[in-house]
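Colleague: What follows is input.cif, mmCIF, C-alpha atoms and all ligand atoms.
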```cif
data_model
loop_
_atom_site.label_atom_id
_atom_site.label_comp_id
_atom_site.auth_asym_id
_atom_site.auth_seq_id
_atom_site.Cartn_x
_atom_site.Cartn_y
_atom_site.Cartn_z
CA MET A 1 13.23 2.07 8.45
CA ALA A 2 10.58 -0.47 7.60
CA THR A 3 10.75 -4.18 8.27
CA VAL A 4 11.03 -5.75 4.82
CA ILE A 5 8.68 -8.74 4.67
CA ASP A 6 10.51 -11.51 2.82
CA GLY A 7 7.81 -13.31 0.83
CA LYS A 8 10.23 -15.98 -0.32
CA VAL A 9 11.10 -17.01 3.23
CA VAL A 10 7.46 -17.07 4.39
CA ALA A 11 6.49 -18.95 1.21
CA GLN A 12 9.22 -21.54 1.81
CA THR A 13 8.08 -22.12 5.39
CA ILE A 14 4.49 -22.71 4.28
CA ARG A 15 5.62 -24.88 1.36
CA SER A 16 7.47 -27.24 3.67
CA GLU A 17 4.35 -27.48 5.87
CA ILE A 18 2.34 -28.37 2.74
CA ALA A 19 4.93 -30.97 1.66
CA ASP A 20 4.63 -32.65 5.09
CA GLU A 21 0.85 -32.84 4.75
CA VAL A 22 1.13 -34.22 1.21
CA ARG A 23 3.37 -37.01 2.52
CA LEU A 24 0.85 -37.81 5.28
CA LEU A 25 -1.99 -38.06 2.74
CA ALA A 26 0.09 -40.38 0.59
CA GLN A 27 0.89 -42.61 3.58
CA LYS A 28 -2.65 -42.70 4.87
CA TYR A 29 -4.66 -42.99 1.65
CA GLY A 30 -2.13 -43.72 -1.10
CA LYS A 31 -3.28 -40.58 -2.89
CA VAL A 32 -1.61 -37.26 -3.69
CA PRO A 33 -3.26 -33.89 -4.42
CA GLY A 34 -3.68 -33.14 -8.12
CA LEU A 35 -3.74 -29.71 -9.75
CA ALA A 36 -4.75 -29.14 -13.37
CA VAL A 37 -2.96 -26.13 -14.83
CA VAL A 38 -4.65 -25.02 -18.04
CA ILE A 39 -3.01 -22.52 -20.37
CA VAL A 40 -4.49 -21.23 -23.62
CA GLY A 41 -2.11 -19.72 -26.16
CA SER A 42 1.52 -18.75 -25.71
CA ARG A 43 1.74 -15.38 -23.96
CA LYS A 44 5.23 -15.13 -22.54
CA ASP A 45 4.17 -13.89 -19.08
CA SER A 46 1.48 -16.58 -18.76
CA GLN A 47 3.93 -19.29 -19.74
CA SER A 48 6.40 -18.10 -17.15
CA TYR A 49 3.76 -17.99 -14.35
CA VAL A 50 2.38 -21.40 -15.35
CA GLY A 51 5.92 -22.81 -15.39
CA MET A 52 6.47 -21.59 -11.80
CA LYS A 53 3.20 -23.18 -10.66
CA ARG A 54 4.00 -26.55 -12.27
CA LYS A 55 7.52 -26.54 -10.84
CA ALA A 56 6.23 -25.72 -7.35
CA CYS A 57 3.78 -28.65 -7.58
CA ALA A 58 6.60 -31.03 -8.46
CA GLU A 59 8.67 -29.80 -5.50
CA LEU A 60 5.85 -30.48 -3.04
CA GLY A 61 4.75 -33.86 -4.36
CA ILE A 62 1.52 -32.47 -5.86
CA LYS A 63 0.72 -34.03 -9.22
CA SER A 64 0.24 -31.41 -11.92
CA PHE A 65 -1.95 -32.16 -14.90
CA ASP A 66 -0.63 -29.99 -17.69
CA VAL A 67 -3.18 -28.89 -20.28
CA ASP A 68 -1.71 -26.71 -23.04
CA LEU A 69 -4.28 -25.52 -25.56
CA PRO A 70 -3.89 -23.51 -28.78
CA GLU A 71 -4.80 -19.81 -28.95
CA GLN A 72 -7.52 -20.56 -31.54
CA ILE A 73 -9.41 -23.08 -29.41
CA SER A 74 -13.16 -22.43 -29.33
CA GLN A 75 -14.94 -21.56 -26.10
CA ALA A 76 -17.03 -24.73 -26.40
CA GLU A 77 -13.92 -26.91 -26.74
CA LEU A 78 -12.24 -25.21 -23.75
CA ILE A 79 -15.36 -25.78 -21.65
CA LYS A 80 -15.34 -29.44 -22.71
CA GLN A 81 -11.77 -29.72 -21.40
CA VAL A 82 -12.84 -28.12 -18.10
CA HIS A 83 -15.70 -30.62 -17.78
CA GLU A 84 -13.28 -33.52 -18.30
CA LEU A 85 -11.11 -32.17 -15.49
CA ASN A 86 -14.23 -31.74 -13.31
CA ASP A 87 -14.90 -35.48 -13.83
CA ASN A 88 -11.30 -36.61 -13.27
CA THR A 89 -11.14 -37.94 -9.69
CA ASP A 90 -7.33 -37.52 -9.53
CA VAL A 91 -7.71 -33.76 -10.10
CA HIS A 92 -8.59 -31.80 -6.95
CA GLY A 93 -7.94 -28.29 -8.24
CA ILE A 94 -8.34 -26.61 -11.62
CA LEU A 95 -6.52 -23.43 -12.58
CA VAL A 96 -7.28 -21.74 -15.90
CA GLN A 97 -4.54 -19.19 -16.42
CA LEU A 98 -5.83 -15.68 -17.17
CA PRO A 99 -6.08 -13.67 -19.36
CA LEU A 100 -7.85 -15.86 -21.92
CA PRO A 101 -7.86 -14.91 -25.63
CA LYS A 102 -10.37 -12.21 -26.58
CA HIS A 103 -12.83 -14.51 -28.35
CA ILE A 104 -13.42 -16.42 -25.10
CA ASN A 105 -15.73 -15.23 -22.32
CA GLU A 106 -13.64 -15.64 -19.15
CA GLU A 107 -16.54 -15.47 -16.74
CA LYS A 108 -18.40 -18.19 -18.64
CA VAL A 109 -15.38 -20.51 -18.58
CA LEU A 110 -14.64 -19.88 -14.89
CA SER A 111 -18.28 -20.57 -14.00
CA GLU A 112 -17.93 -24.07 -15.54
CA ILE A 113 -15.21 -25.09 -13.07
CA SER A 114 -16.62 -27.33 -10.35
CA LEU A 115 -17.02 -25.29 -7.13
CA GLU A 116 -15.13 -27.98 -5.20
CA LYS A 117 -12.13 -27.60 -7.55
CA ASP A 118 -12.09 -23.79 -7.88
CA VAL A 119 -8.68 -23.34 -6.22
CA ASP A 120 -8.32 -19.84 -7.73
CA GLY A 121 -11.54 -18.78 -6.01
CA PHE A 122 -12.70 -17.09 -9.24
CA HIS A 123 -16.03 -18.91 -9.65
CA PRO A 124 -18.84 -16.31 -9.45
CA LEU A 125 -20.48 -18.24 -6.60
CA ASN A 126 -17.27 -18.31 -4.56
CA ILE A 127 -16.84 -14.57 -5.15
CA GLY A 128 -20.46 -14.03 -4.11
CA LYS A 129 -19.94 -15.92 -0.87
CA LEU A 130 -16.80 -13.87 -0.18
CA ALA A 131 -18.97 -10.76 -0.43
CA MET A 132 -21.55 -12.02 2.07
CA LYS A 133 -21.36 -11.46 5.79
CA GLY A 134 -21.34 -14.71 7.74
CA ARG A 135 -20.58 -16.80 4.64
CA ASP A 136 -17.29 -18.21 3.41
CA PRO A 137 -16.29 -19.42 -0.05
CA LEU A 138 -14.80 -22.91 -0.43
CA PHE A 139 -11.55 -21.28 -1.60
CA LEU A 140 -10.14 -17.79 -1.10
CA PRO A 141 -8.52 -16.17 -4.17
CA CYS A 142 -4.74 -16.70 -3.98
CA THR A 143 -3.31 -13.18 -4.23
CA PRO A 144 -5.68 -11.57 -1.67
CA LYS A 145 -5.11 -14.56 0.63
CA ALA A 146 -1.35 -14.08 0.18
CA CYS A 147 -1.65 -10.41 1.24
CA LEU A 148 -3.58 -11.26 4.41
CA GLU A 149 -1.24 -14.14 5.26
CA LEU A 150 1.80 -11.84 4.95
CA LEU A 151 0.16 -9.27 7.25
CA GLN A 152 -0.86 -11.87 9.82
CA ARG A 153 2.47 -13.70 9.85
CA SER A 154 4.27 -10.36 10.29
CA GLY A 155 2.20 -9.56 13.36
CA VAL A 156 0.26 -6.67 11.79
CA THR A 157 -3.12 -6.06 13.46
CA ILE A 158 -5.98 -5.79 10.95
CA LYS A 159 -9.04 -5.53 13.18
CA GLY A 160 -10.18 -1.93 13.66
CA LYS A 161 -7.42 -0.53 11.40
CA LYS A 162 -7.87 1.73 8.38
CA ALA A 163 -7.01 -0.19 5.23
CA VAL A 164 -6.80 1.32 1.75
CA VAL A 165 -6.80 -0.88 -1.33
CA VAL A 166 -5.53 0.72 -4.51
CA GLY A 167 -7.27 -0.90 -7.49
CA ARG A 168 -10.57 -2.74 -7.89
CA SER A 169 -9.89 -5.68 -10.23
CA ASN A 170 -11.94 -8.87 -9.91
CA ILE A 171 -8.86 -10.95 -9.15
CA VAL A 172 -7.04 -8.73 -6.64
CA GLY A 173 -8.35 -5.33 -5.55
CA LEU A 174 -12.00 -6.15 -5.01
CA PRO A 175 -11.52 -9.53 -3.26
CA ALA A 176 -8.66 -8.11 -1.16
CA SER A 177 -11.03 -5.38 0.11
CA LEU A 178 -13.66 -7.99 0.95
CA LEU A 179 -11.11 -10.09 2.87
CA LEU A 180 -9.92 -7.06 4.85
CA LEU A 181 -13.54 -6.22 5.62
CA LYS A 182 -14.11 -9.79 6.85
CA ALA A 183 -11.04 -9.31 9.06
CA ASP A 184 -12.76 -6.23 10.61
CA ALA A 185 -10.69 -3.46 9.01
CA THR A 186 -12.31 -0.20 7.90
CA VAL A 187 -11.76 -0.44 4.17
CA THR A 188 -11.54 2.23 1.47
CA ILE A 189 -10.95 1.45 -2.20
CA VAL A 190 -9.25 4.03 -4.40
CA HIS A 191 -9.14 3.63 -8.17
CA SER A 192 -8.54 5.46 -11.45
CA HIS A 193 -11.49 7.81 -10.90
CA THR A 194 -10.57 8.75 -7.32
CA SER A 195 -9.46 12.36 -7.03
CA GLN A 196 -6.32 12.90 -4.98
CA PRO A 197 -5.85 9.30 -3.88
CA GLU A 198 -2.74 10.39 -1.95
CA ASN A 199 -4.89 12.13 0.66
CA ILE A 200 -6.78 8.91 1.32
CA ILE A 201 -3.69 6.70 1.27
CA ARG A 202 -1.98 8.99 3.84
CA GLU A 203 -4.60 7.97 6.41
CA ALA A 204 -4.05 4.24 5.92
CA ASP A 205 -2.59 1.89 8.53
CA ILE A 206 -2.55 -0.80 5.83
CA VAL A 207 -2.04 -0.19 2.12
CA ILE A 208 -2.62 -2.91 -0.49
CA ALA A 209 -1.29 -1.64 -3.82
CA ALA A 210 -2.86 -3.42 -6.79
CA ALA A 211 -3.17 -0.78 -9.47
CA GLY A 212 -0.72 -2.12 -12.05
CA GLN A 213 1.04 1.27 -12.29
CA PRO A 214 4.81 1.18 -11.76
CA LYS A 215 5.92 3.21 -8.70
CA MET A 216 2.70 5.27 -8.61
CA ILE A 217 2.62 5.28 -4.79
CA LYS A 218 5.21 7.71 -3.48
CA GLY A 219 7.02 7.62 -0.16
CA SER A 220 5.37 10.87 0.95
CA TRP A 221 1.95 9.17 0.66
CA ILE A 222 2.74 6.61 3.36
CA LYS A 223 1.67 7.15 6.97
CA PRO A 224 4.61 6.55 9.33
CA GLY A 225 4.52 2.97 10.59
CA ALA A 226 1.98 1.75 8.01
CA ALA A 227 2.07 -1.77 6.55
CA VAL A 228 2.51 -1.66 2.77
CA ILE A 229 1.74 -4.73 0.65
CA ASP A 230 2.79 -4.29 -2.98
CA VAL A 231 0.96 -6.55 -5.44
CA GLY A 232 2.28 -4.80 -8.56
CA THR A 233 4.42 -6.84 -10.95
CA ASN A 234 5.17 -4.34 -13.70
CA ALA A 235 7.83 -5.17 -16.27
CA VAL A 236 9.83 -2.05 -17.15
CA ASP A 237 12.58 -1.80 -19.76
CA ASP A 238 16.09 -2.29 -18.40
CA PRO A 239 18.83 -2.52 -21.02
CA THR A 240 21.40 -3.47 -18.35
CA ARG A 241 19.56 -6.82 -17.85
CA LYS A 242 19.99 -9.90 -20.00
CA SER A 243 16.20 -10.18 -20.22
CA GLY A 244 15.88 -6.52 -21.25
CA TYR A 245 13.42 -5.79 -18.44
CA ARG A 246 13.01 -5.81 -14.67
CA LEU A 247 10.02 -6.07 -12.35
CA VAL A 248 8.90 -3.11 -10.28
CA GLY A 249 5.99 -2.75 -7.91
CA ASP A 250 3.20 -0.17 -7.69
CA VAL A 251 5.06 1.40 -4.75
CA ASP A 252 8.25 3.44 -4.87
CA PHE A 253 10.09 1.02 -2.58
CA GLU A 254 13.24 3.14 -2.00
CA GLU A 255 11.21 6.05 -0.64
CA ALA A 256 8.34 4.21 1.00
CA SER A 257 10.61 1.88 2.98
CA LYS A 258 11.93 4.92 4.88
CA THR A 259 8.48 5.71 6.31
CA ALA A 260 6.57 2.43 6.41
CA GLY A 261 6.53 0.07 9.38
CA TRP A 262 6.44 -2.99 7.11
CA ILE A 263 6.81 -3.31 3.34
CA THR A 264 6.93 -6.13 0.78
CA PRO A 265 9.50 -5.99 -2.03
CA VAL A 266 8.95 -6.74 -5.73
CA PRO A 267 10.05 -9.29 -6.72
CA GLY A 268 10.17 -11.56 -3.67
CA GLY A 269 7.06 -10.33 -1.83
CA VAL A 270 3.50 -11.21 -2.74
CA GLY A 271 4.39 -13.20 -5.92
CA PRO A 272 5.96 -16.29 -4.31
CA MET A 273 3.15 -16.29 -1.71
CA THR A 274 0.46 -16.25 -4.42
CA VAL A 275 1.80 -19.49 -5.86
CA THR A 276 2.04 -20.95 -2.35
CA MET A 277 -1.61 -20.13 -1.60
CA LEU A 278 -2.59 -21.95 -4.79
CA LEU A 279 -0.75 -25.03 -3.55
CA LYS A 280 -2.38 -24.67 -0.14
CA ASN A 281 -5.85 -24.43 -1.71
CA THR A 282 -5.08 -27.53 -3.76
CA LEU A 283 -4.04 -29.44 -0.64
CA GLU A 284 -7.21 -28.34 1.18
CA GLY A 285 -9.38 -29.35 -1.79
CA ALA A 286 -7.67 -32.74 -1.94
CA LYS A 287 -8.08 -33.30 1.81
CA ARG A 288 -11.79 -32.44 1.66
CA TYR A 289 -12.27 -34.82 -1.27
CA ILE A 290 -10.12 -37.73 -0.10
CA GLU A 291 -11.35 -37.70 3.49
CA GLN A 292 -14.98 -37.50 2.31
CA SER A 293 -14.66 -40.49 -0.03
CA ASN A 294 -13.04 -42.69 2.63
N1 LIG B 1 -6.00 -18.04 -13.10
C1 LIG B 1 -5.00 -17.23 -12.72
N2 LIG B 1 -4.56 -17.28 -11.43
C2 LIG B 1 -3.54 -16.48 -11.02
O1 LIG B 1 -3.14 -16.52 -9.84
C3 LIG B 1 -2.92 -15.59 -11.98
C4 LIG B 1 -3.42 -15.59 -13.28
N3 LIG B 1 -4.45 -16.40 -13.63
N4 LIG B 1 -2.88 -14.76 -14.21
C5 LIG B 1 -1.75 -13.91 -13.92
C6 LIG B 1 -1.63 -13.57 -12.45
C7 LIG B 1 -0.25 -13.15 -12.03
N5 LIG B 1 0.18 -14.12 -11.03
C8 LIG B 1 1.45 -14.16 -10.44
C9 LIG B 1 1.92 -15.27 -9.77
C10 LIG B 1 3.21 -15.31 -9.26
C11 LIG B 1 4.08 -14.26 -9.41
C12 LIG B 1 5.47 -14.37 -8.87
O2 LIG B 1 5.85 -15.35 -8.26
N6 LIG B 1 6.34 -13.36 -9.08
C13 LIG B 1 7.72 -13.36 -8.64
C14 LIG B 1 8.68 -12.93 -9.74
C15 LIG B 1 8.68 -13.85 -10.91
C16 LIG B 1 9.62 -13.36 -11.99
O3 LIG B 1 10.79 -13.07 -11.70
O4 LIG B 1 9.15 -13.29 -13.15
C17 LIG B 1 7.93 -12.36 -7.51
O5 LIG B 1 7.14 -11.42 -7.42
O6 LIG B 1 8.90 -12.52 -6.80
C18 LIG B 1 3.62 -13.13 -10.05
C19 LIG B 1 2.33 -13.09 -10.56
C20 LIG B 1 -0.80 -15.04 -10.88
N7 LIG B 1 -1.86 -14.77 -11.66
#
```
Can you give me the file's structure in the form of structure tokens?
Modeller:
Amino acid sequence: MATVIDGKVVAQTIRSEIADEVRLLAQKYGKVPGLAVVIVGSRKDSQSYVGMKRKACAELGIKSFDVDLPEQISQAELIKQVHELNDNTDVHGILVQLPLPKHINEEKVLSEISLEKDVDGFHPLNIGKLAMKGRDPLFLPCTPKACLELLQRSGVTIKGKKAVVVGRSNIVGLPASLLLLKADATVTIVHSHTSQPENIIREADIVIAAAGQPKMIKGSWIKPGAAVIDVGTNAVDDPTRKSGYRLVGDVDFEEASKTAGWITPVPGGVGPMTVTMLLKNTLEGAKRYIEQSN
């Protein structure tokens, strides 16, 4: 039976470390970290994620600057808002919740965020630096950073191991593969055009599942003793729930937990750690800024 990695517990430990550092900054400089959380439109899932981020800020003494914009906002107006946040010296991190409405070019908007405030790590230049050997971005993207942190804190060796990432999105799969590569794993990416992904996944010492397909990874695909990090947060219908749905991962947890050495659950695995890494990036951004200007 696998060790179930409790993301909530790890997240709570790191959050209390962050809260301590926030208090120190306040004592020393009379300043607290500030995070702007920008949401465009009223998608239910986005509102719920943004709500969790704002609540977590409040709990840690980080000031959140809430910017709620209408679905119909023009790209130019959104960029103007981003520029105002770039200029606001109390804001140390800027998060623009994705996805943005279809009439807005996400990459263009993200590239307008000041590099020093790009706490999501989605600015094209930060992604470029992540891809370069011997270079490091100012901020690592939160979900990939959460995956690595969970592996490291669980005592899983990465160096020299075979890692397979399932999915190649800009915000999870691709950057997660780059981070594993930086940590000296041998990395393979499987995606929707890979034939028989199960044969590749069976070789993996580390599996990062970020395909967005509920329970697509079966227990029989997991190498005995492997570490399995499940990034999937798929809502599936569940009439027995008040909400009408429940969250399931990309991995069949019941089966895979019999074979794996370590596994993260959904919910309660990567999700709470993603939010925590955002808070950690915000703290680091604030420290860089405050200590530089003193
Ligand atoms: N600019 C931007 N940055 C992001 O980091 C970003 C984004 N846009 N758009 C959407 C995705 C998704 N995402 C999640 C964060 C936390 C949980 C999380 O905490 N999930 C809980 C469950 C929450 C629940 O019960 O609904 C868990 O897995 O235990 C999940 C997903 C961040 N994203």
Colleague: Return as a Markdown table the residues of chain A lying at most 7 Å from ligand LIG 1 (chain B), together with the closest atom-to-atom pair for each and the distance in Å to one decimal, counting all atoms listed in the file, with rows in chain order and ascending residue number.
Modeller:
```
| residue | atom | partner | partner_atom | distance |
| --- | --- | --- | --- | --- |
| A:Ser46 | CA | B:LIG1 | C5 | 6.4 |
| A:Ser48 | CA | B:LIG1 | O4 | 6.8 |
| A:Tyr49 | CA | B:LIG1 | C9 | 5.6 |
| A:Leu95 | CA | B:LIG1 | N1 | 5.4 |
| A:Val96 | CA | B:LIG1 | N1 | 4.8 |
| A:Gln97 | CA | B:LIG1 | N1 | 3.8 |
| A:Leu98 | CA | B:LIG1 | N3 | 3.9 |
| A:Pro99 | CA | B:LIG1 | N4 | 6.2 |
| A:Asp120 | CA | B:LIG1 | N2 | 5.9 |
| A:Cys142 | CA | B:LIG1 | O1 | 6.1 |
| A:Thr143 | CA | B:LIG1 | O1 | 6.5 |
| A:Thr233 | CA | B:LIG1 | O5 | 6.4 |
| A:Val266 | CA | B:LIG1 | O5 | 5.3 |
| A:Pro267 | CA | B:LIG1 | O6 | 3.4 |
| A:Gly268 | CA | B:LIG1 | O6 | 3.5 |
| A:Gly269 | CA | B:LIG1 | O5 | 5.7 |
| A:Val270 | CA | B:LIG1 | O5 | 5.9 |
| A:Gly271 | CA | B:LIG1 | C12 | 3.4 |
| A:Pro272 | CA | B:LIG1 | O2 | 4.1 |
| A:Thr274 | CA | B:LIG1 | C9 | 5.6 |
| A:Val275 | CA | B:LIG1 | C10 | 5.6 |
```
Colleague: Give me the residues within 10 Å of Arg153 (chain A) as JSON, numbers by chain, counting all atoms listed in the file and dropping any in the same chain fewer than 3 places off.
Modeller: {"A": [5, 10, 148, 149, 150, 156]}
Colleague: Report, in Å with one decimal, the straight-line distance from CA of Glu59 (chain A) to CA of Leu279 (chain A).
Modeller: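 Atom-to-atom, CA of Glu59 (chain A) to CA of Leu279 (chain A), that is 10.7 Å.
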Colleague: Using all atoms listed in the file, find the one residue out of A:Gly232, A:Leu138, A:Leu100, A:Gly128 that sits nearest to Ser114 (chain A).
Modeller: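 Answer, going by the shortest atom-to-atom distance: A:Leu138.
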Colleague: Give the answer as one residue: which of A:Leu178, A:Ala260, A:Ile189, A:Val251 has the shortest atom-to-atom distance to Ala209 (chain A), using all atoms listed in the file?
Modeller: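 Smallest separation from Ala209 (chain A) among the options: A:Val251.
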Colleague: Could you jot down the CA of Asp87 (chain A) to CA of Leu278 (chain A) separation for me, Å, one decimal place?
Modeller: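 Separation between CA of Asp87 (chain A) and CA of Leu278 (chain A): 20.4 Å.
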Colleague: Find the residue from A:His191, A:His92, A:Arg15, A:Lys280 that sits nearest to Ala36 (chain A); use all atoms listed in the file when measuring.
Modeller: A:His92
Colleague: Pick from A:Val4, A:Val236, A:Ile39, A:Leu85: nearest to Gly261 (chain A), with all atoms listed in the file counted?
Modeller: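 Once distances to Gly261 (chain A) are computed over all atoms listed in the file, the minimum belongs to A:Val4.
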Colleague: Enter the distance from CA of Ile94 (chain A) to CA of Glu291 (chain A), in Å, rounded to one decimal.
Modeller: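 Separating CA of Ile94 (chain A) from CA of Glu291 (chain A) is a distance of 19.0 Å.
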Colleague: Which residues are near Arg246 (chain A)? Cut-off 8 Å, only C-alpha atoms, ignore same chain within fewer than 6 positions. Put them as a PyMOL selection string.
Modeller: chain A and resi 235-238
